>>> print(open('structure-v4.csv').read())   # CSV, C-alpha atoms
chain,number,residue,atom,x,y,z
V,28,MET,CA,65.8,225.1,273.4
V,29,ARG,CA,65.1,222.7,270.6
V,30,LEU,CA,61.4,223.0,271.2
V,31,PHE,CA,61.7,226.8,271.1
V,32,PHE,CA,63.3,226.7,267.6
V,33,TRP,CA,61.4,223.8,266.1
V,34,HIS,CA,57.7,223.1,266.8
V,35,SER,CA,56.6,221.7,263.5
V,36,ASP,CA,57.9,219.8,260.5
V,37,LYS,CA,56.7,222.4,258.0
V,38,GLY,CA,59.6,224.8,257.2
V,39,PHE,CA,61.1,227.4,259.6
V,40,THR,CA,59.3,228.9,262.5
V,41,LEU,CA,58.6,232.6,262.8
V,42,THR,CA,60.9,232.9,265.7
V,43,GLU,CA,63.8,231.3,263.7
V,44,ILE,CA,63.2,233.7,260.8
V,45,ILE,CA,63.1,236.7,263.2
V,46,PHE,CA,66.4,235.6,264.8
V,47,SER,CA,68.0,234.9,261.4
V,48,VAL,CA,67.0,238.3,260.1
V,49,LEU,CA,68.3,240.0,263.2
V,50,ILE,CA,71.7,238.2,262.9
V,51,LEU,CA,71.8,239.0,259.2
V,52,ALA,CA,71.0,242.6,259.8
V,53,GLY,CA,73.6,242.7,262.6
V,54,THR,CA,76.2,241.5,260.1
V,55,MET,CA,75.1,243.5,257.1
V,56,ILE,CA,75.0,247.0,258.9
V,57,PRO,CA,78.7,247.1,259.6
V,58,ILE,CA,79.5,245.6,256.2
V,59,ALA,CA,77.4,248.3,254.5
V,60,ALA,CA,79.1,251.0,256.5
V,61,MET,CA,82.6,249.6,255.6
V,62,MET,CA,81.6,249.4,251.9
V,63,GLY,CA,80.3,253.0,252.1
V,64,GLN,CA,83.7,254.1,253.4
V,65,GLY,CA,85.4,252.1,250.7
V,66,PHE,CA,83.4,253.8,248.0
V,67,GLU,CA,84.2,257.2,249.5
V,68,GLY,CA,87.9,256.3,249.6
V,69,THR,CA,87.8,255.2,246.0
V,70,ARG,CA,86.2,258.5,244.9
V,71,ARG,CA,88.7,260.4,247.0
V,72,ASP,CA,91.6,258.5,245.4
V,73,GLN,CA,90.0,259.2,241.9
V,74,ARG,CA,89.9,262.9,242.6
V,75,GLN,CA,93.6,262.8,243.7
V,76,ILE,CA,94.5,261.0,240.5
V,77,VAL,CA,92.7,263.6,238.5
V,78,ALA,CA,94.5,266.3,240.4
V,79,ILE,CA,97.9,264.7,239.8
V,80,GLN,CA,97.2,264.3,236.1
V,81,LEU,CA,96.1,267.9,235.9
V,82,CYS,CA,99.3,268.9,237.7
V,83,GLN,CA,101.4,266.9,235.2
V,84,ALA,CA,99.6,268.4,232.2
V,85,ARG,CA,99.9,272.0,233.3
V,86,LEU,CA,103.5,271.6,234.4
V,87,ASN,CA,104.3,270.1,230.9
V,88,GLN,CA,102.7,273.2,229.4
V,89,ALA,CA,104.6,275.5,231.9
V,90,LEU,CA,107.9,274.0,230.7
V,91,ALA,CA,107.0,275.2,227.2
V,92,VAL,CA,106.2,278.8,228.3
V,93,PRO,CA,109.0,281.3,227.5
V,94,PHE,CA,111.2,282.1,230.5
V,95,ASP,CA,110.1,285.7,230.9
V,96,ASP,CA,106.4,284.8,230.7
V,97,LEU,CA,106.6,282.3,233.5
V,98,VAL,CA,105.4,284.2,236.5
V,99,SER,CA,103.2,283.4,239.5
V,100,SER,CA,99.6,283.5,238.5
V,101,THR,CA,96.1,282.3,239.3
V,102,ALA,CA,94.7,283.2,235.9
V,103,SER,CA,95.6,281.8,232.5
V,104,ILE,CA,98.9,283.0,231.0
V,105,ALA,CA,98.6,284.2,227.4
V,106,SER,CA,101.0,285.2,224.7
V,107,GLY,CA,100.1,286.9,221.5
V,108,GLY,CA,96.4,286.7,222.3
V,109,GLN,CA,96.6,282.9,222.8
V,110,VAL,CA,96.4,281.0,226.1
V,111,ILE,CA,99.6,279.1,226.5
V,112,LEU,CA,99.0,278.0,230.1
V,113,PRO,CA,95.4,277.6,231.2
V,114,LEU,CA,95.0,278.2,234.9
V,115,GLY,CA,92.0,278.9,237.2
V,116,ASP,CA,89.0,276.7,237.8
V,117,VAL,CA,88.8,273.4,235.9
V,118,GLU,CA,85.8,271.1,235.8
V,119,GLN,CA,86.7,267.5,235.6
V,120,GLU,CA,84.9,264.3,236.6
V,121,ASN,CA,82.0,266.5,237.9
V,122,PHE,CA,84.4,268.2,240.3
V,123,THR,CA,85.9,271.6,240.4
V,124,PHE,CA,89.7,271.9,240.7
V,125,ASN,CA,91.6,275.2,241.0
V,126,VAL,CA,94.9,275.4,239.2
V,127,SER,CA,97.5,278.1,240.0
V,128,LEU,CA,101.2,278.6,239.2
V,129,ARG,CA,103.8,279.6,241.8
V,130,VAL,CA,107.2,280.8,240.5
V,131,VAL,CA,110.2,281.5,242.6
V,132,ASP,CA,113.5,282.8,241.1
V,133,ARG,CA,116.7,281.0,242.0
V,134,GLY,CA,120.3,281.4,241.0
V,135,VAL,CA,122.8,278.9,239.7
V,136,THR,CA,126.4,278.2,240.7
V,137,TYR,CA,128.5,276.1,238.3
V,138,SER,CA,131.9,274.7,239.3
V,139,TYR,CA,134.7,273.7,237.0
V,140,LEU,CA,138.5,273.5,236.7
V,141,PRO,CA,139.9,276.0,234.1
V,142,VAL,CA,142.8,275.1,231.8
V,143,ASP,CA,145.7,277.5,231.7
V,144,VAL,CA,146.1,278.2,227.9
V,145,ASN,CA,149.1,280.5,228.6
V,146,VAL,CA,151.5,277.8,229.7
V,147,ALA,CA,154.5,277.4,227.3
V,148,ASN,CA,153.9,274.1,225.7
V,149,TYR,CA,150.0,274.3,225.6
V,150,ALA,CA,148.6,272.6,222.5
V,151,VAL,CA,144.8,272.5,222.0
V,152,ASP,CA,144.9,268.9,220.6
V,153,ASP,CA,147.3,267.4,223.1
V,154,PRO,CA,145.7,266.7,226.5
V,155,THR,CA,149.1,266.0,228.1
V,156,THR,CA,150.0,269.7,227.7
V,157,TRP,CA,146.9,270.9,229.5
V,158,VAL,CA,147.4,272.3,233.0
V,159,PHE,CA,144.2,272.5,235.1
V,160,GLY,CA,144.0,275.3,237.6
V,161,THR,CA,142.2,275.4,240.9
V,162,ALA,CA,138.4,275.1,241.1
V,163,GLU,CA,136.4,278.1,240.0
V,164,THR,CA,132.7,278.8,240.1
V,165,LEU,CA,130.4,280.8,237.9
V,166,THR,CA,127.5,282.2,239.9
V,167,ILE,CA,124.5,283.9,238.2
V,168,ASN,CA,121.9,285.1,240.6
V,169,ALA,CA,119.3,287.0,238.6
V,170,ASP,CA,117.1,286.1,235.6
V,171,VAL,CA,118.7,282.8,235.2
V,172,ALA,CA,116.5,280.1,236.6
V,173,LYS,CA,113.1,279.6,238.3
V,174,ILE,CA,111.3,277.0,240.4
V,175,ALA,CA,107.9,276.6,238.9
V,176,THR,CA,105.2,274.9,241.0
V,177,ILE,CA,101.7,274.0,239.8
V,178,VAL,CA,99.2,273.9,242.6
V,179,VAL,CA,95.9,272.0,242.1
V,180,SER,CA,93.5,272.5,245.0
V,181,TRP,CA,89.9,271.2,245.6
V,182,MET,CA,87.5,270.9,248.5
V,183,GLU,CA,87.0,267.6,250.1
V,184,ARG,CA,84.3,267.5,252.8
V,185,GLY,CA,84.9,271.1,253.7
V,186,THR,CA,88.7,270.9,253.9
V,187,GLN,CA,91.0,272.1,251.1
V,188,GLN,CA,93.2,269.5,249.5
V,189,ASN,CA,96.3,270.4,247.5
V,190,VAL,CA,98.6,268.7,245.1
V,191,GLU,CA,101.8,270.5,244.2
V,192,MET,CA,104.4,269.5,241.6
V,193,SER,CA,107.6,271.4,240.9
V,194,THR,CA,110.2,271.7,238.2
V,195,PHE,CA,113.1,273.9,237.3
V,196,LYS,CA,113.2,276.2,234.3
V,197,ALA,CA,116.5,277.6,233.1
V,198,ASN,CA,116.8,280.7,230.9
V,199,LEU,CA,118.6,279.1,228.0
V,200,GLU,CA,118.4,282.4,226.0
V,201,LEU,CA,120.8,284.0,228.5
C,14,MET,CA,59.1,211.8,264.6
C,15,MET,CA,60.4,214.0,267.4
C,16,ASN,CA,64.0,212.8,266.8
C,17,LYS,CA,63.8,213.7,263.1
C,18,LEU,CA,62.6,217.2,264.0
C,19,THR,CA,65.3,217.6,266.6
C,20,ASP,CA,68.0,216.8,264.0
C,21,ARG,CA,66.9,219.6,261.8
C,22,SER,CA,66.5,222.2,264.5
C,23,GLY,CA,68.7,225.4,264.2
C,24,MET,CA,69.2,225.0,260.4
C,25,ALA,CA,68.3,228.6,259.7
C,26,LEU,CA,70.9,229.7,262.2
C,27,ILE,CA,73.6,227.7,260.5
C,28,ILE,CA,72.6,229.0,257.0
C,29,VAL,CA,72.5,232.6,258.2
C,30,LEU,CA,75.9,232.3,260.0
C,31,THR,CA,77.5,230.8,256.9
C,32,MET,CA,76.1,233.5,254.7
C,33,SER,CA,77.2,236.2,257.1
C,34,MET,CA,80.7,234.7,257.1
C,35,PHE,CA,80.7,234.7,253.3
C,36,LEU,CA,79.7,238.3,253.1
C,37,LEU,CA,82.2,239.3,255.8
C,38,VAL,CA,85.0,237.7,253.8
C,39,ILE,CA,83.9,239.5,250.6
C,40,ALA,CA,83.7,242.9,252.5
C,41,VAL,CA,87.1,242.4,254.1
C,42,SER,CA,88.8,241.5,250.8
C,43,TYR,CA,87.2,244.5,249.1
C,44,ILE,CA,88.3,246.9,251.8
C,45,ARG,CA,91.9,245.5,251.8
C,46,GLY,CA,92.0,246.0,248.0
C,47,ASN,CA,90.8,249.5,248.4
C,48,ALA,CA,93.4,250.3,251.1
C,49,GLN,CA,96.2,249.2,248.7
C,50,SER,CA,95.2,251.7,246.0
C,51,ARG,CA,96.5,254.7,248.0
C,52,PRO,CA,100.2,253.9,248.0
C,53,ILE,CA,100.0,253.3,244.3
C,54,ASN,CA,98.6,256.8,243.8
C,55,GLU,CA,101.4,258.2,245.9
C,56,ARG,CA,104.0,256.5,243.8
C,57,HIS,CA,102.3,257.9,240.7
C,58,PHE,CA,102.8,261.4,242.1
C,59,GLU,CA,106.4,260.8,243.1
C,60,ARG,CA,107.3,259.3,239.8
C,61,ALA,CA,105.9,262.4,238.0
C,62,GLN,CA,107.6,264.7,240.5
C,63,ALA,CA,110.9,262.9,240.0
C,64,ASP,CA,110.5,263.1,236.2
C,65,PHE,CA,109.9,266.9,236.3
C,66,LEU,CA,112.8,267.5,238.5
C,67,GLY,CA,115.0,265.5,236.1
C,68,GLN,CA,113.8,267.6,233.2
C,69,GLY,CA,114.6,270.8,235.1
C,70,VAL,CA,118.1,269.7,236.0
C,71,VAL,CA,118.7,268.7,232.3
C,72,GLN,CA,118.1,272.4,231.5
C,73,PHE,CA,120.6,273.4,234.2
C,74,ALA,CA,123.2,271.1,232.7
C,75,ALA,CA,122.5,272.4,229.2
C,76,MET,CA,122.9,275.9,230.5
C,77,LYS,CA,126.2,275.0,232.1
C,78,PHE,CA,127.5,273.5,228.9
C,79,LYS,CA,126.4,276.6,227.0
C,80,LYS,CA,128.2,278.9,229.5
C,81,ARG,CA,131.3,276.8,230.0
C,82,PRO,CA,131.7,274.4,227.0
C,83,ALA,CA,135.5,274.4,226.8
C,84,GLU,CA,135.9,273.3,230.4
C,85,PHE,CA,133.8,270.3,229.7
C,86,TYR,CA,135.7,269.4,226.6
C,87,TYR,CA,139.0,269.8,228.4
C,88,ALA,CA,137.9,267.7,231.3
C,89,TYR,CA,136.3,265.0,229.2
C,90,ARG,CA,139.2,264.6,226.8
C,91,ALA,CA,141.7,264.6,229.7
C,92,MET,CA,139.7,261.7,231.2
C,93,ARG,CA,139.6,259.8,227.9
C,94,ALA,CA,143.3,260.3,227.5
C,95,GLY,CA,143.9,258.6,230.8
C,96,LEU,CA,145.0,261.7,232.6
C,97,GLY,CA,142.5,261.3,235.5
C,98,ASP,CA,139.0,262.4,236.1
C,99,ALA,CA,139.6,265.2,238.6
C,100,ALA,CA,138.6,267.9,236.2
C,101,LEU,CA,135.5,266.0,235.1
C,102,ARG,CA,134.5,265.3,238.7
C,103,ALA,CA,134.9,269.0,239.4
C,104,TYR,CA,132.7,269.9,236.4
C,105,LEU,CA,130.0,267.3,237.1
C,106,ASN,CA,130.1,265.6,240.5
C,107,ASP,CA,131.2,268.6,242.6
C,108,ASP,CA,128.6,271.0,241.1
C,109,THR,CA,125.9,271.8,243.6
C,110,THR,CA,123.5,273.0,240.9
C,111,LEU,CA,123.6,269.7,239.1
C,112,ASN,CA,123.8,267.4,242.1
C,113,ASN,CA,121.6,268.3,245.0
C,114,GLU,CA,118.4,267.6,247.0
C,115,PHE,CA,114.9,268.8,246.6
C,116,VAL,CA,112.1,268.6,249.2
C,117,ASP,CA,108.5,268.7,248.0
C,118,GLN,CA,105.3,270.0,249.7
C,119,GLU,CA,104.8,266.7,251.5
C,120,GLY,CA,108.3,266.8,252.9
C,121,GLN,CA,109.4,264.0,250.5
C,122,ARG,CA,113.1,264.1,249.7
C,123,TYR,CA,114.6,263.7,246.2
C,124,GLU,CA,118.2,263.7,245.3
C,125,TYR,CA,119.6,264.2,241.8
C,126,PHE,CA,122.8,263.5,240.1
C,127,THR,CA,124.0,264.6,236.6
C,128,GLN,CA,126.3,262.9,234.1
C,129,MET,CA,127.4,264.3,230.8
C,130,GLN,CA,129.0,262.4,228.0
C,131,LEU,CA,130.5,263.3,224.6
C,132,ILE,CA,129.0,261.4,221.7
C,133,THR,CA,130.6,261.6,218.4
C,134,ASN,CA,129.3,260.4,215.1
C,135,LYS,CA,132.2,260.3,212.5
C,136,LEU,CA,129.9,259.1,209.7
C,137,TYR,CA,127.6,262.2,209.9
C,138,GLU,CA,130.3,264.5,211.2
C,139,THR,CA,128.3,265.4,214.3
C,140,ASP,CA,129.2,265.9,217.9
C,141,GLY,CA,126.8,265.7,220.8
C,142,ILE,CA,126.4,265.8,224.5
C,143,ARG,CA,124.3,263.3,226.3
C,144,ILE,CA,123.0,264.7,229.6
C,145,GLN,CA,121.7,262.1,232.0
C,146,VAL,CA,120.0,263.1,235.2
C,147,THR,CA,119.2,260.4,237.9
C,148,VAL,CA,116.6,261.4,240.4
C,149,ASN,CA,116.1,259.2,243.5
C,150,GLN,CA,113.2,259.6,245.9
C,151,LEU,CA,114.4,258.9,249.4
C,152,SER,CA,112.6,257.5,252.4
C,153,ASP,CA,112.8,259.1,255.9
C,154,THR,CA,115.8,256.9,256.7
C,155,GLY,CA,117.5,257.9,253.5
C,156,THR,CA,117.0,254.7,251.5
C,157,ILE,CA,116.1,254.9,247.8
C,158,VAL,CA,112.4,254.4,247.2
C,159,LEU,CA,112.3,254.9,243.5
C,160,THR,CA,114.7,256.0,240.8
C,161,ARG,CA,113.9,257.9,237.6
C,162,VAL,CA,116.3,258.8,234.8
C,163,GLN,CA,116.0,261.7,232.3
C,164,GLU,CA,118.2,261.7,229.3
C,165,HIS,CA,118.6,264.5,226.7
C,166,VAL,CA,121.0,264.7,223.8
C,167,ILE,CA,122.2,268.0,222.3
C,168,GLU,CA,123.7,267.3,218.9
C,169,ALA,CA,125.4,269.7,216.4
C,170,LYS,CA,127.3,269.5,213.2
C,171,ARG,CA,131.1,269.3,213.9
C,172,ARG,CA,133.1,272.5,213.2
C,173,PRO,CA,136.6,272.2,212.0
C,174,LEU,CA,139.3,273.2,214.5
>>> encode(input="structure-v4.csv", output="structure tokens")
Amino acid sequence: MRLFFWHSDKGFTLTEIIFSVLILAGTMIPIAAMMGQGFEGTRRDQRQIVAIQLCQARLNQALAVPFDDLVSSTASIASGGQVILPLGDVEQENFTFNVSLRVVDRGVTYSYLPVDVNVANYAVDDPTTWVFGTAETLTINADVAKIATIVVSWMERGTQQNVEMSTFKANLEL
Amino acid sequence: MMNKLTDRSGMALIIVLTMSMFLLVIAVSYIRGNAQSRPINERHFERAQADFLGQGVVQFAAMKFKKRPAEFYYAYRAMRAGLGDAALRAYLNDDTTLNNEFVDQEGQRYEYFTQMQLITNKLYETDGIRIQVTVNQLSDTGTIVLTRVQEHVIEAKRRPL
């Protein structure tokens, strides 16, 4: 074995170098493959971060859109000839993301205890005279609130990826 | 002469194995670091989602105050006068619009709670309502993963009674 690896006193033998290169290659190939996966994972994460940031930006803009103009759309929403919520395809970081808005109406139900102002000794500035009644609710079903969801989608190796972020919008003009 | 040569035999093998081990350690540490980046991104999303939910619920609370202001004032003043907080709990805690749960696209659960408080500034003769919405993101077992708070103040000049 020793003779096989070392026949002269001048540097390494060809056999040693071939063995060394083979071992090194055997180690480097899986490492390179793992690093490749790592880089791809980093790029995928980066695209997801961009999608989340895009979602945040558009949802912030959606919150500023007047209640009546906030409707489901895949194209930009405009008001008075000016785009107030850009939707559709967006090019970022050399990648194309599609942004759309999904809006669902919802109602509200508010609960409270009313005060009976018709009792004999009622005084508006004296809490000890207030008589609270039984629980009541105020329910408004239509044109009062919406759930707005921004959907950012993009293609990742042939499969569609989505990021969705939602908020509520109340019709404070009601 | 032969002994000297024998002592140095297999050196390349040792060098290569050491280098390979070194490269392996670098690669493993790199991949571990990369694997940890994903949960951070997810928390980024969930923080943003919780913040937006909070902003939306603040609007619901503002709308409730707009629709039923007197009931809030009665309930709050009764509580401050030491007459109990049943009316305030009915107004805030028992309200299913202001306190509820939301499930996002990934099935992540968020719960939100609303508090409202009267803030009065005698110097500037102003009254205000502080609306505070706490949003918790819950794990599958129901434990709180993260908490975000949204606060909004509605202030107005005081009107004489």
>>> closest_atom_pairs(input="structure-v4.csv", of="chain C", to="chain V", cutoff="8 Å", atoms="all atoms listed in the file", output="Markdown table")
| residue | atom | partner | partner_atom | distance |
| --- | --- | --- | --- | --- |
| C:Leu18 | CA | V:Asp36 | CA | 6.4 |
| C:Thr19 | CA | V:Arg29 | CA | 6.5 |
| C:Ser22 | CA | V:Trp33 | CA | 5.6 |
| C:Gly23 | CA | V:Phe32 | CA | 6.5 |
| C:Ala25 | CA | V:Ser47 | CA | 6.5 |
| C:Leu26 | CA | V:Ser47 | CA | 6.0 |
| C:Val29 | CA | V:Ser47 | CA | 6.0 |
| C:Leu30 | CA | V:Ile50 | CA | 7.8 |
| C:Ser33 | CA | V:Thr54 | CA | 6.2 |
| C:Leu36 | CA | V:Ile58 | CA | 7.9 |
| C:Leu37 | CA | V:Ile58 | CA | 6.9 |
| C:Ala40 | CA | V:Ile58 | CA | 6.2 |
| C:Tyr43 | CA | V:Met62 | CA | 8.0 |
| C:Ile44 | CA | V:Gly65 | CA | 6.1 |
| C:Asn47 | CA | V:Gly65 | CA | 6.4 |
| C:Ser50 | CA | V:Asp72 | CA | 7.7 |
| C:Arg51 | CA | V:Asp72 | CA | 6.7 |
| C:Asn54 | CA | V:Ile76 | CA | 6.7 |
| C:Phe58 | CA | V:Ile79 | CA | 6.3 |
| C:Ala61 | CA | V:Gln83 | CA | 7.0 |
| C:Gln62 | CA | V:Met192 | CA | 5.9 |
| C:Phe65 | CA | V:Thr194 | CA | 5.2 |
| C:Leu66 | CA | V:Thr194 | CA | 4.9 |
| C:Gln68 | CA | V:Thr194 | CA | 7.4 |
| C:Gly69 | CA | V:Phe195 | CA | 4.1 |
| C:Val70 | CA | V:Phe195 | CA | 6.7 |
| C:Gln72 | CA | V:Ala197 | CA | 5.7 |
| C:Phe73 | CA | V:Ala197 | CA | 6.0 |
| C:Ala75 | CA | V:Leu199 | CA | 7.8 |
| C:Met76 | CA | V:Leu199 | CA | 5.9 |
| C:Lys77 | CA | V:Tyr137 | CA | 6.7 |
| C:Glu84 | CA | V:Pro141 | CA | 6.1 |
| C:Tyr87 | CA | V:Val142 | CA | 7.4 |
| C:Ala88 | CA | V:Leu140 | CA | 7.9 |
| C:Arg90 | CA | V:Pro154 | CA | 6.8 |
| C:Ala91 | CA | V:Pro154 | CA | 5.5 |
| C:Ala94 | CA | V:Pro154 | CA | 6.9 |
| C:Leu96 | CA | V:Thr155 | CA | 7.5 |
| C:Ala100 | CA | V:Leu140 | CA | 5.6 |
| C:Leu101 | CA | V:Tyr139 | CA | 8.0 |
| C:Ala103 | CA | V:Tyr139 | CA | 5.3 |
| C:Tyr104 | CA | V:Tyr139 | CA | 4.3 |
| C:Leu105 | CA | V:Tyr139 | CA | 7.9 |
| C:Asp107 | CA | V:Ser138 | CA | 7.0 |
| C:Asp108 | CA | V:Ser138 | CA | 5.3 |
| C:Thr109 | CA | V:Thr136 | CA | 7.0 |
| C:Thr110 | CA | V:Thr136 | CA | 6.0 |
| C:Asp117 | CA | V:Met192 | CA | 7.6 |
| C:Gln118 | CA | V:Glu191 | CA | 6.5 |
>>> residues_near_point(input="structure-v4.csv", point="(117.3, 263.8, 246.6)", cutoff="12 Å", atoms="all atoms listed in the file", output="MDAnalysis selection string")
chainID C and resid 59 62:63 66:67 111:117 120:126 146:153 155:161
>>> closest_residue(input="structure-v4.csv", among="C:Glu119, C:Leu136, C:Ala74, C:Tyr89", to="C:Val166", atoms="all atoms listed in the file")
C:Ala74
>>> atom_distance(input="structure-v4.csv", atom1="atom CA of C:Leu131", atom2="atom CA of V:Pro93")
28.2 Å
>>> closest_residue(input="structure-v4.csv", among="V:Val126, V:Gln88, V:Asn145, V:Glu118", to="V:Ala105", atoms="only C-alpha atoms")
V:Gln88
>>> closest_residue(input="structure-v4.csv", among="V:Thr101, V:Ser106, V:Asn121, V:Thr166", to="V:Ser180", atoms="only C-alpha atoms")
V:Thr101
>>> residues_around(input="structure-v4.csv", residues="V:Val98", least_positions_apart="5", cutoff="8 Å", atoms="all atoms listed in the file", output="list in words")
Leu128, Arg129 and Val130 of chain V
>>> atom_distance(input="structure-v4.csv", atom1="atom CA of V:Met182", atom2="atom CA of V:Asp116")
12.3 Å
>>> residues_around(input="structure-v4.csv", residues="V:Gln187", least_positions_apart="6", cutoff="12 Å", atoms="all atoms listed in the file", output="list in words")
Thr123, Phe124, Asn125, Val178, Val179, Ser180 and Trp181 of chain V
>>> write_last_selection(input="structure-v4.csv", atoms="C-alpha atoms", output="short mmCIF file (atom, residue, chain, number, x, y, z; two decimals), in the coordinates of the input")
data_model
loop_
_atom_site.label_atom_id
_atom_site.label_comp_id
_atom_site.auth_asym_id
_atom_site.auth_seq_id
_atom_site.Cartn_x
_atom_site.Cartn_y
_atom_site.Cartn_z
CA THR V 123 85.90 271.60 240.40
CA PHE V 124 89.70 271.90 240.70
CA ASN V 125 91.60 275.20 241.00
CA VAL V 178 99.20 273.90 242.60
CA VAL V 179 95.90 272.00 242.10
CA SER V 180 93.50 272.50 245.00
CA TRP V 181 89.90 271.20 245.60
#
>>> atom_distance(input="structure-v4.csv", atom1="atom CA of V:Ile177", atom2="atom CA of C:His165")
23.4 Å
>>> residues_around(input="structure-v4.csv", residues="C:Ile167", least_positions_apart="2", cutoff="12 Å", atoms="only C-alpha atoms", output="PDB file with C-alpha atoms, in the coordinates of the input")
ATOM      1  CA  VAL C  71     118.700 268.700 232.300  1.00  0.00           C
ATOM      2  CA  GLN C  72     118.100 272.400 231.500  1.00  0.00           C
ATOM      3  CA  ALA C  74     123.200 271.100 232.700  1.00  0.00           C
ATOM      4  CA  ALA C  75     122.500 272.400 229.200  1.00  0.00           C
ATOM      5  CA  MET C  76     122.900 275.900 230.500  1.00  0.00           C
ATOM      6  CA  PHE C  78     127.500 273.500 228.900  1.00  0.00           C
ATOM      7  CA  LYS C  79     126.400 276.600 227.000  1.00  0.00           C
ATOM      8  CA  MET C 129     127.400 264.300 230.800  1.00  0.00           C
ATOM      9  CA  GLN C 130     129.000 262.400 228.000  1.00  0.00           C
ATOM     10  CA  LEU C 131     130.500 263.300 224.600  1.00  0.00           C
ATOM     11  CA  ILE C 132     129.000 261.400 221.700  1.00  0.00           C
ATOM     12  CA  THR C 133     130.600 261.600 218.400  1.00  0.00           C
ATOM     13  CA  THR C 139     128.300 265.400 214.300  1.00  0.00           C
ATOM     14  CA  ASP C 140     129.200 265.900 217.900  1.00  0.00           C
ATOM     15  CA  GLY C 141     126.800 265.700 220.800  1.00  0.00           C
ATOM     16  CA  ILE C 142     126.400 265.800 224.500  1.00  0.00           C
ATOM     17  CA  ARG C 143     124.300 263.300 226.300  1.00  0.00           C
ATOM     18  CA  ILE C 144     123.000 264.700 229.600  1.00  0.00           C
ATOM     19  CA  GLN C 145     121.700 262.100 232.000  1.00  0.00           C
ATOM     20  CA  GLU C 164     118.200 261.700 229.300  1.00  0.00           C
ATOM     21  CA  HIS C 165     118.600 264.500 226.700  1.00  0.00           C
ATOM     22  CA  ALA C 169     125.400 269.700 216.400  1.00  0.00           C
ATOM     23  CA  LYS C 170     127.300 269.500 213.200  1.00  0.00           C
TER      24      LYS C 170
END
